[in-house]
Structure formats: C-alpha cells, structure tokens
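**Q** This structure is in structure tokens; I'll ask about it shortly.
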Amino acid sequence: MTDSEALITPKLLDALYTESMVLADEARSYFESGRFNEQCQDDAALSVSFSCESLKVTTRLMHCIAWLLNQRALHGEDMTDGEAWNHDRELGYAAASDGPMVELFPDEARHIVESSEELFQRLQRLSARLEQQEASEPAVHNMFRRIQSSF
C-alpha cells in the first residue's frame with residue numbers, strides 16, 4: 001500500500017463525494033426556491049451579494065465534485081500515472097466568500113455558503129498532502145511505479 005493509498009481510501013472518497021453531492025442538491029434547491037428573496041425583501045445590495053455568492057458556491061462545489069471523481073478514477077486505477085500528472089486534474093481555484101455580507105444572509109443561505117467553503121478547504125488540505133507525499137517519493141520508486149503500471 002502506497003502512502004497516498006493510506007491517506008485517501010475508497011471509503012473516504014465515497015463519503016466526501018456523497019457529502020458534496022448532497023450539499024450541491026441542497027444549494028440548488030435553495031437557490032431555485034426563492035426563499036432568500038422572501039426572507040430578505042427589498043434589499044437590493046443583499047440580493048446582488050447573494051447572486052454572487054450562489055455562483056461562488058456552485059463553482060466551489062463543481063470543483064470539489066470534479067476533483068473527487070478524478071481521485072476515484074486515479075485510485076481505482078482507471079487512469080494512468082501520466083494522466084494523473086496532468087495539472088488540469090488539480091482542485092481548481094474558487095473565490096472566497098464575502099464574509100461580512102454572508103453574515104447578513106438568512107441562516108439557511110449562510111449554512112450553504114459556509115458548508116461549501118469548509119468542504120473546499122478540506123479538499124485543498126487533502127490535495128496538498130497528496131502532492132507533498134508524491135513530491136517526497138523517491139524518483140526511482142516513482143519511475144518504477146510508472147513502468148509497472150504500463151504493463
């Protein structure tokens with residue numbers, strides 16, 4: 001078992017993927033419901049801020065889901081090492097939320113924004129640890145693993 005296999009297991013990937021999909025569904029449901037506008041009537045600045053934050057949440061969650069699907073493929077050996085090294089498979093950039101404005105949101109909206117940020121930050125830390133482990137792996141072992149996966 002390699003270090004990255006010890007750090008990221010299929011069970012962990014499944015749990016994180018499920019969490020991200022549930023949160024994406026919660027966000028979609030809330031964004032489509034119109035509850036925000038009902039709870040914050042006639043506040044144009046707050047409404048514009050909510051529109052911006054909903055885009056940030058959606059982007060953040062799509063980056064999470066894409067990264068987790070790539071990790072599933074990589075750790076399920078559906079992807080070659082060469083494909084795995086492609087930087088397009090890294091966890092993408094997602095802008096941080098505007099904390100002071102989010103604090104003015106109704107509880108449900110604030111929960112969705114904060115939960116998406118927290119999930120994204122956890123995946124950033126996990127991704128960084130995986131990259132750190134990969135970088136510390138001796139070049140000979142890395143090359144041997146690549147050759148072995150070719151056959």
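Simple scheme: letters A, B, ... for chains in structure tokens order, numbers from 1 for residues in each chain, numbers from 1 for ligands in the order shown.
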Quick one: everything within 12 Å of segment 32-39 of chain A, counting only C-alpha atoms, minus sequence neighbours fewer than 6 positions away in the same chain. Send it as a ChimeraX atom specification.

**A** /A:25-26,45-51,54,104-110,112

**Q** Please produce an output containing N, CA and C atoms for each residue in the selection, written as a PDB file, in the first residue's frame.

**A**
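Full text of result37.pdb as output:
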ATOM      1  N   ASP A  25     -27.049  19.490  -4.018  1.00  0.00           N
ATOM      2  CA  ASP A  25     -28.505  19.391  -4.141  1.00  0.00           C
ATOM      3  C   ASP A  25     -29.210  20.376  -3.208  1.00  0.00           C
ATOM      4  N   GLU A  26     -28.705  20.507  -1.980  1.00  0.00           N
ATOM      5  CA  GLU A  26     -29.259  21.493  -1.039  1.00  0.00           C
ATOM      6  C   GLU A  26     -29.152  22.903  -1.614  1.00  0.00           C
ATOM      7  N   ALA A  45     -28.828  45.382  -2.349  1.00  0.00           N
ATOM      8  CA  ALA A  45     -27.412  45.046  -2.143  1.00  0.00           C
ATOM      9  C   ALA A  45     -27.253  43.608  -1.673  1.00  0.00           C
ATOM     10  N   LEU A  46     -28.111  43.185  -0.776  1.00  0.00           N
ATOM     11  CA  LEU A  46     -28.048  41.815  -0.260  1.00  0.00           C
ATOM     12  C   LEU A  46     -28.415  40.817  -1.353  1.00  0.00           C
ATOM     13  N   SER A  47     -29.367  41.179  -2.181  1.00  0.00           N
ATOM     14  CA  SER A  47     -29.791  40.315  -3.273  1.00  0.00           C
ATOM     15  C   SER A  47     -28.672  40.129  -4.303  1.00  0.00           C
ATOM     16  N   VAL A  48     -27.973  41.207  -4.644  1.00  0.00           N
ATOM     17  CA  VAL A  48     -26.849  41.114  -5.576  1.00  0.00           C
ATOM     18  C   VAL A  48     -25.737  40.274  -4.956  1.00  0.00           C
ATOM     19  N   SER A  49     -25.461  40.491  -3.688  1.00  0.00           N
ATOM     20  CA  SER A  49     -24.435  39.714  -2.993  1.00  0.00           C
ATOM     21  C   SER A  49     -24.797  38.229  -2.993  1.00  0.00           C
ATOM     22  N   PHE A  50     -26.061  37.930  -2.770  1.00  0.00           N
ATOM     23  CA  PHE A  50     -26.499  36.534  -2.782  1.00  0.00           C
ATOM     24  C   PHE A  50     -26.301  35.920  -4.163  1.00  0.00           C
ATOM     25  N   SER A  51     -26.577  36.669  -5.215  1.00  0.00           N
ATOM     26  CA  SER A  51     -26.363  36.153  -6.571  1.00  0.00           C
ATOM     27  C   SER A  51     -24.899  35.809  -6.787  1.00  0.00           C
ATOM     28  N   SER A  54     -24.011  32.711  -4.721  1.00  0.00           N
ATOM     29  CA  SER A  54     -24.556  31.465  -5.270  1.00  0.00           C
ATOM     30  C   SER A  54     -23.668  30.953  -6.406  1.00  0.00           C
ATOM     31  N   LEU A 104     -24.933  38.507   6.873  1.00  0.00           N
ATOM     32  CA  LEU A 104     -26.254  39.149   6.801  1.00  0.00           C
ATOM     33  C   LEU A 104     -27.310  38.243   6.177  1.00  0.00           C
ATOM     34  N   PHE A 105     -26.886  37.110   5.623  1.00  0.00           N
ATOM     35  CA  PHE A 105     -27.809  36.189   4.966  1.00  0.00           C
ATOM     36  C   PHE A 105     -28.661  35.457   6.008  1.00  0.00           C
ATOM     37  N   PRO A 106     -29.821  34.981   5.577  1.00  0.00           N
ATOM     38  CA  PRO A 106     -30.612  34.098   6.451  1.00  0.00           C
ATOM     39  C   PRO A 106     -29.807  32.836   6.792  1.00  0.00           C
ATOM     40  N   ASP A 107     -30.163  32.192   7.885  1.00  0.00           N
ATOM     41  CA  ASP A 107     -29.406  31.030   8.384  1.00  0.00           C
ATOM     42  C   ASP A 107     -29.171  29.960   7.323  1.00  0.00           C
ATOM     43  N   GLU A 108     -30.209  29.597   6.580  1.00  0.00           N
ATOM     44  CA  GLU A 108     -30.075  28.515   5.600  1.00  0.00           C
ATOM     45  C   GLU A 108     -29.072  28.885   4.498  1.00  0.00           C
ATOM     46  N   ALA A 109     -29.137  30.102   4.015  1.00  0.00           N
ATOM     47  CA  ALA A 109     -28.206  30.548   2.968  1.00  0.00           C
ATOM     48  C   ALA A 109     -26.786  30.586   3.519  1.00  0.00           C
ATOM     49  N   ARG A 110     -26.627  31.116   4.714  1.00  0.00           N
ATOM     50  CA  ARG A 110     -25.309  31.201   5.337  1.00  0.00           C
ATOM     51  C   ARG A 110     -24.723  29.802   5.546  1.00  0.00           C
ATOM     52  N   ILE A 112     -25.277  27.085   3.783  1.00  0.00           N
ATOM     53  CA  ILE A 112     -24.865  26.524   2.494  1.00  0.00           C
ATOM     54  C   ILE A 112     -23.525  27.113   2.063  1.00  0.00           C
TER      55      ILE A 112
END

**Q** Pick from A:Leu16, A:Ala128, A:Leu7, A:Val102: nearest to Ala66 of chain A, with only C-alpha atoms counted?

**A**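 Between A:Leu16, A:Ala128, A:Leu7, A:Val102, the residue approaching Ala66 of chain A most closely is A:Leu16.
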
**Q** Could you find all residues in segment 6-146 of chain A that DSSP calls helix (DSSP H, G or I) from the backbone, and write them as a PyMOL selection string?

**A** chain A and resi 6-7+10-33+35-39+44-75+81-84+87-89+99-102+107-136+139-146

**Q** Record the distance separating atom CA of Leu12 of chain A and atom CA of Gln124 of chain A, expressed in Å with one decimal.

**A** 14.8 Å

**Q** A:Glu90, A:Glu103, A:Asp98, A:Asp43: which is nearest Leu123 of chain A, counting only C-alpha atoms?

**A**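 For Leu123 of chain A, the nearest of the given residues is A:Glu90.
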
**Q** Could you jot down the atom CA of Cys64 of chain A to atom CA of Glu117 of chain A separation for me, Å, one decimal place?

**A**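 Taking atom CA of Cys64 of chain A as the start and atom CA of Glu117 of chain A as the end point, the length is 10.3 Å.
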
**Q** Pick from A:Leu13, A:Cys52, A:Leu23, A:Leu126: nearest to Ala73 of chain A, with only C-alpha atoms counted?

**A**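 Closest to Ala73 of chain A, using only C-alpha atoms: A:Leu13.
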
**Q** For a quick check of understanding, using only C-alpha atoms, which of A:Ala15, A:Leu130, A:Leu55, A:Leu91 has the smallest distance to Trp67 of chain A?

**A**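 Result for the nearest residue to Trp67 of chain A: A:Leu91.
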
**Q** What gap, in Å, lies between atom CA of Ala24 of chain A and atom CA of Thr58 of chain A?

**A**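 These two atoms are separated by 7.4 Å.
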